[in-house]
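S.K.: Pasting a structure below so you can have a look.
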Amino acid sequence: MASPTQTKSDSGAEKYADINWDELGFDLVPADYMYVTKCDKEENFTTEVGNIIPYANIAISPFAGILNYGQGLLEGLKAYRRDDGRVLLFRPEQNAQRMQIGAERLCMPSPSIEHFVEAVKQTVLANKHWVPPPGKGSLYVRPLLIGSGPVLSLVTAPEISFLIYACPVGNYHKVYKAIAQAKARGFSDVLFLDAVTKKYIEEVSSCNIFIVKGNVISTPAICGTILPGITRKSIIEIALGFGYQVEERVIPLVDLFDVDEVFCTGTAVVVSPVASITYGDKRIEYKTGAETVSKKLYDMLTGIQTGRIEDKMGWTVEID
Ligand SMILES: Cc1ncc(COP(=O)(O)O)c(C=O)c1O
């Protein structure tokens, strides 16, 4: 393993990368180190061969399975810094499981759950100085599994690569709110309908969607076309814990015309209120702000993720 930059100063205080943390947005600022390992298509990944190396471009054959047939998948999760400086991951084993399900579908070997979580931990530890100070954002971690070996026909690539790299990101929620305040200027995202009948809502471009009516919170059921978001799953459990009724069901588009709140969930957007939805010439506005269900859920989720609220669910994993 290459020697990561020291993360403690001589005084023992946490050392941070030299950037303006107050201006952290969603621009790509690659963290210094990445994890790389490869395996033969007939083999399984093993922890022994994985390496932390300086972040750099990768060399790949133009015939690589990923370039020609899209044989690959990505995951995304975040590392958060607690007020006391310690660093937490949120449910990384869920990302590992989801990678395994996708890899099986794409006929690729995948790392074990233990390997995945260990590799994520190593990557975050090597880049610890890139985990933003508390309240300033988080370190977005991107595990990638690709058919990196060359193929001519549609078969599994002879070599599969597993990489993990990272980038500090600001508080997306803050951005969303600003957009909500300036909503008259345009739309911020797209809500996709089912491809067959175009009558039912599915998900937003990179997040899942929930609607709230009274005490009932509903979200489209997972049926093969919607990503089973880990934030979605966590919000369902938190909402049930608060005493809300949660429904995973087919949601007709027309239901959007008669609800109190709409919000989105995902690693990047966390829990983001939707101020309005426009369909054709019909525009519907929803409740946002302090006294909303989505704010209550956001506070609980981020409280657990950042260690400010006790994690009774056992969802956080500490990096040391
Ligand atoms: C299409 C799509 N839906 C939903 C999500 C939310 O998933 P998660 O909560 O696991 O980040 C994502 C995240 O990248 C996504 O790309």
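In the structure tokens, the first chain shown is A, the next is B, and so on; residue numbers restart at 1 for each chain, and ligands run from 1 in the order shown.
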Sort by chain and increasing residue number a table of all residues of chain A within 7 Å of ligand 1, each with its closest pair of atoms and their distance in Å to one decimal, counting only C-alpha atoms and all ligand atoms, and write it as JSON lines.
M.R.:
{"residue": "A:Gly76", "atom": "CA", "partner": "ligand 1", "partner_atom_place_in_ligand_line": "11 (O)", "distance": 6.2}
{"residue": "A:Leu77", "atom": "CA", "partner": "ligand 1", "partner_atom_place_in_ligand_line": "11 (O)", "distance": 6.7}
{"residue": "A:Glu203", "atom": "CA", "partner": "ligand 1", "partner_atom_place_in_ligand_line": "3 (N)", "distance": 6.2}
{"residue": "A:Val204", "atom": "CA", "partner": "ligand 1", "partner_atom_place_in_ligand_line": "3 (N)", "distance": 6.6}
{"residue": "A:Ser205", "atom": "CA", "partner": "ligand 1", "partner_atom_place_in_ligand_line": "1 (C)", "distance": 5.4}
{"residue": "A:Ser206", "atom": "CA", "partner": "ligand 1", "partner_atom_place_in_ligand_line": "15 (C)", "distance": 3.7}
{"residue": "A:Cys207", "atom": "CA", "partner": "ligand 1", "partner_atom_place_in_ligand_line": "4 (C)", "distance": 3.5}
{"residue": "A:Asn208", "atom": "CA", "partner": "ligand 1", "partner_atom_place_in_ligand_line": "4 (C)", "distance": 4.6}
{"residue": "A:Ile226", "atom": "CA", "partner": "ligand 1", "partner_atom_place_in_ligand_line": "3 (N)", "distance": 6.5}
{"residue": "A:Leu227", "atom": "CA", "partner": "ligand 1", "partner_atom_place_in_ligand_line": "3 (N)", "distance": 4.7}
{"residue": "A:Pro228", "atom": "CA", "partner": "ligand 1", "partner_atom_place_in_ligand_line": "7 (O)", "distance": 6.5}
{"residue": "A:Gly229", "atom": "CA", "partner": "ligand 1", "partner_atom_place_in_ligand_line": "7 (O)", "distance": 3.4}
{"residue": "A:Ile230", "atom": "CA", "partner": "ligand 1", "partner_atom_place_in_ligand_line": "10 (O)", "distance": 3.8}
{"residue": "A:Thr231", "atom": "CA", "partner": "ligand 1", "partner_atom_place_in_ligand_line": "9 (O)", "distance": 3.6}
{"residue": "A:Arg232", "atom": "CA", "partner": "ligand 1", "partner_atom_place_in_ligand_line": "9 (O)", "distance": 5.5}
{"residue": "A:Thr265", "atom": "CA", "partner": "ligand 1", "partner_atom_place_in_ligand_line": "9 (O)", "distance": 6.0}
{"residue": "A:Gly266", "atom": "CA", "partner": "ligand 1", "partner_atom_place_in_ligand_line": "9 (O)", "distance": 3.5}
{"residue": "A:Thr267", "atom": "CA", "partner": "ligand 1", "partner_atom_place_in_ligand_line": "11 (O)", "distance": 3.6}
{"residue": "A:Ala268", "atom": "CA", "partner": "ligand 1", "partner_atom_place_in_ligand_line": "11 (O)", "distance": 6.5}
S.K.: Write a file of the just-selected residues containing N, CA and C atoms, as a CSV table (one decimal), in the first residue's frame.
M.R.:
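The resulting result_9.csv:
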chain,number,residue,atom,x,y,z
A,76,GLY,N,-22.5,3.8,-4.9
A,76,GLY,CA,-22.1,5.1,-4.3
A,76,GLY,C,-22.5,5.1,-2.9
A,77,LEU,N,-21.6,5.6,-2.0
A,77,LEU,CA,-21.9,5.7,-0.6
A,77,LEU,C,-21.0,6.8,-0.1
A,203,GLU,N,-39.1,6.7,-10.6
A,203,GLU,CA,-38.0,7.4,-9.8
A,203,GLU,C,-37.5,8.6,-10.5
A,204,VAL,N,-36.8,9.4,-9.8
A,204,VAL,CA,-36.2,10.6,-10.3
A,204,VAL,C,-34.8,10.2,-10.8
A,205,SER,N,-34.1,11.1,-11.5
A,205,SER,CA,-32.9,10.7,-12.3
A,205,SER,C,-31.9,10.0,-11.4
A,206,SER,N,-31.7,10.4,-10.2
A,206,SER,CA,-30.7,9.7,-9.4
A,206,SER,C,-31.1,9.5,-8.0
A,207,CYS,N,-32.4,9.4,-7.8
A,207,CYS,CA,-33.0,9.2,-6.5
A,207,CYS,C,-34.4,8.6,-6.5
A,208,ASN,N,-34.8,8.0,-5.4
A,208,ASN,CA,-36.1,7.5,-5.3
A,208,ASN,C,-37.1,8.6,-4.8
A,226,ILE,N,-36.8,0.0,-10.9
A,226,ILE,CA,-36.5,1.0,-10.0
A,226,ILE,C,-35.3,0.6,-9.1
A,227,LEU,N,-34.3,1.5,-8.9
A,227,LEU,CA,-33.1,1.1,-8.1
A,227,LEU,C,-33.6,0.9,-6.7
A,228,PRO,N,-33.3,-0.2,-6.0
A,228,PRO,CA,-33.6,-0.4,-4.6
A,228,PRO,C,-32.6,0.5,-3.8
A,229,GLY,N,-32.9,1.7,-3.6
A,229,GLY,CA,-32.0,2.7,-2.9
A,229,GLY,C,-31.9,2.3,-1.4
A,230,ILE,N,-30.6,2.5,-1.0
A,230,ILE,CA,-30.3,2.2,0.4
A,230,ILE,C,-30.9,3.3,1.3
A,231,THR,N,-30.9,4.5,0.8
A,231,THR,CA,-31.5,5.6,1.5
A,231,THR,C,-33.0,5.4,1.6
A,232,ARG,N,-33.6,4.9,0.5
A,232,ARG,CA,-35.1,4.6,0.5
A,232,ARG,C,-35.4,3.6,1.6
A,265,THR,N,-35.1,10.6,-2.1
A,265,THR,CA,-34.1,10.1,-1.3
A,265,THR,C,-33.0,9.5,-2.1
A,266,GLY,N,-31.7,9.6,-1.7
A,266,GLY,CA,-30.6,9.0,-2.3
A,266,GLY,C,-29.3,9.4,-1.6
A,267,THR,N,-28.2,8.7,-1.9
A,267,THR,CA,-27.0,9.0,-1.2
A,267,THR,C,-26.6,10.5,-1.5
A,268,ALA,N,-26.8,10.9,-2.7
A,268,ALA,CA,-26.4,12.3,-3.1
A,268,ALA,C,-27.3,13.3,-2.5
S.K.: Compare A:Lys121, A:Lys199, A:Lys15, A:Lys41 by their minimum atom-to-atom distance to A:Val151, counting only C-alpha atoms, and give me the closest one.
M.R.: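 Closest to A:Val151, using only C-alpha atoms: A:Lys41.
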S.K.: Report, in Å with one decimal, the straight-line distance from atom CA of A:Tyr286 to atom CA of A:Glu261.
M.R.: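 Separating atom CA of A:Tyr286 from atom CA of A:Glu261 is a distance of 5.1 Å.
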S.K.: Just asking: which residues within stretch 93-184 of chain A are strand (DSSP E) according to DSSP, as a PyMOL selection string?
M.R.: chain A and resi 138-147+159-169
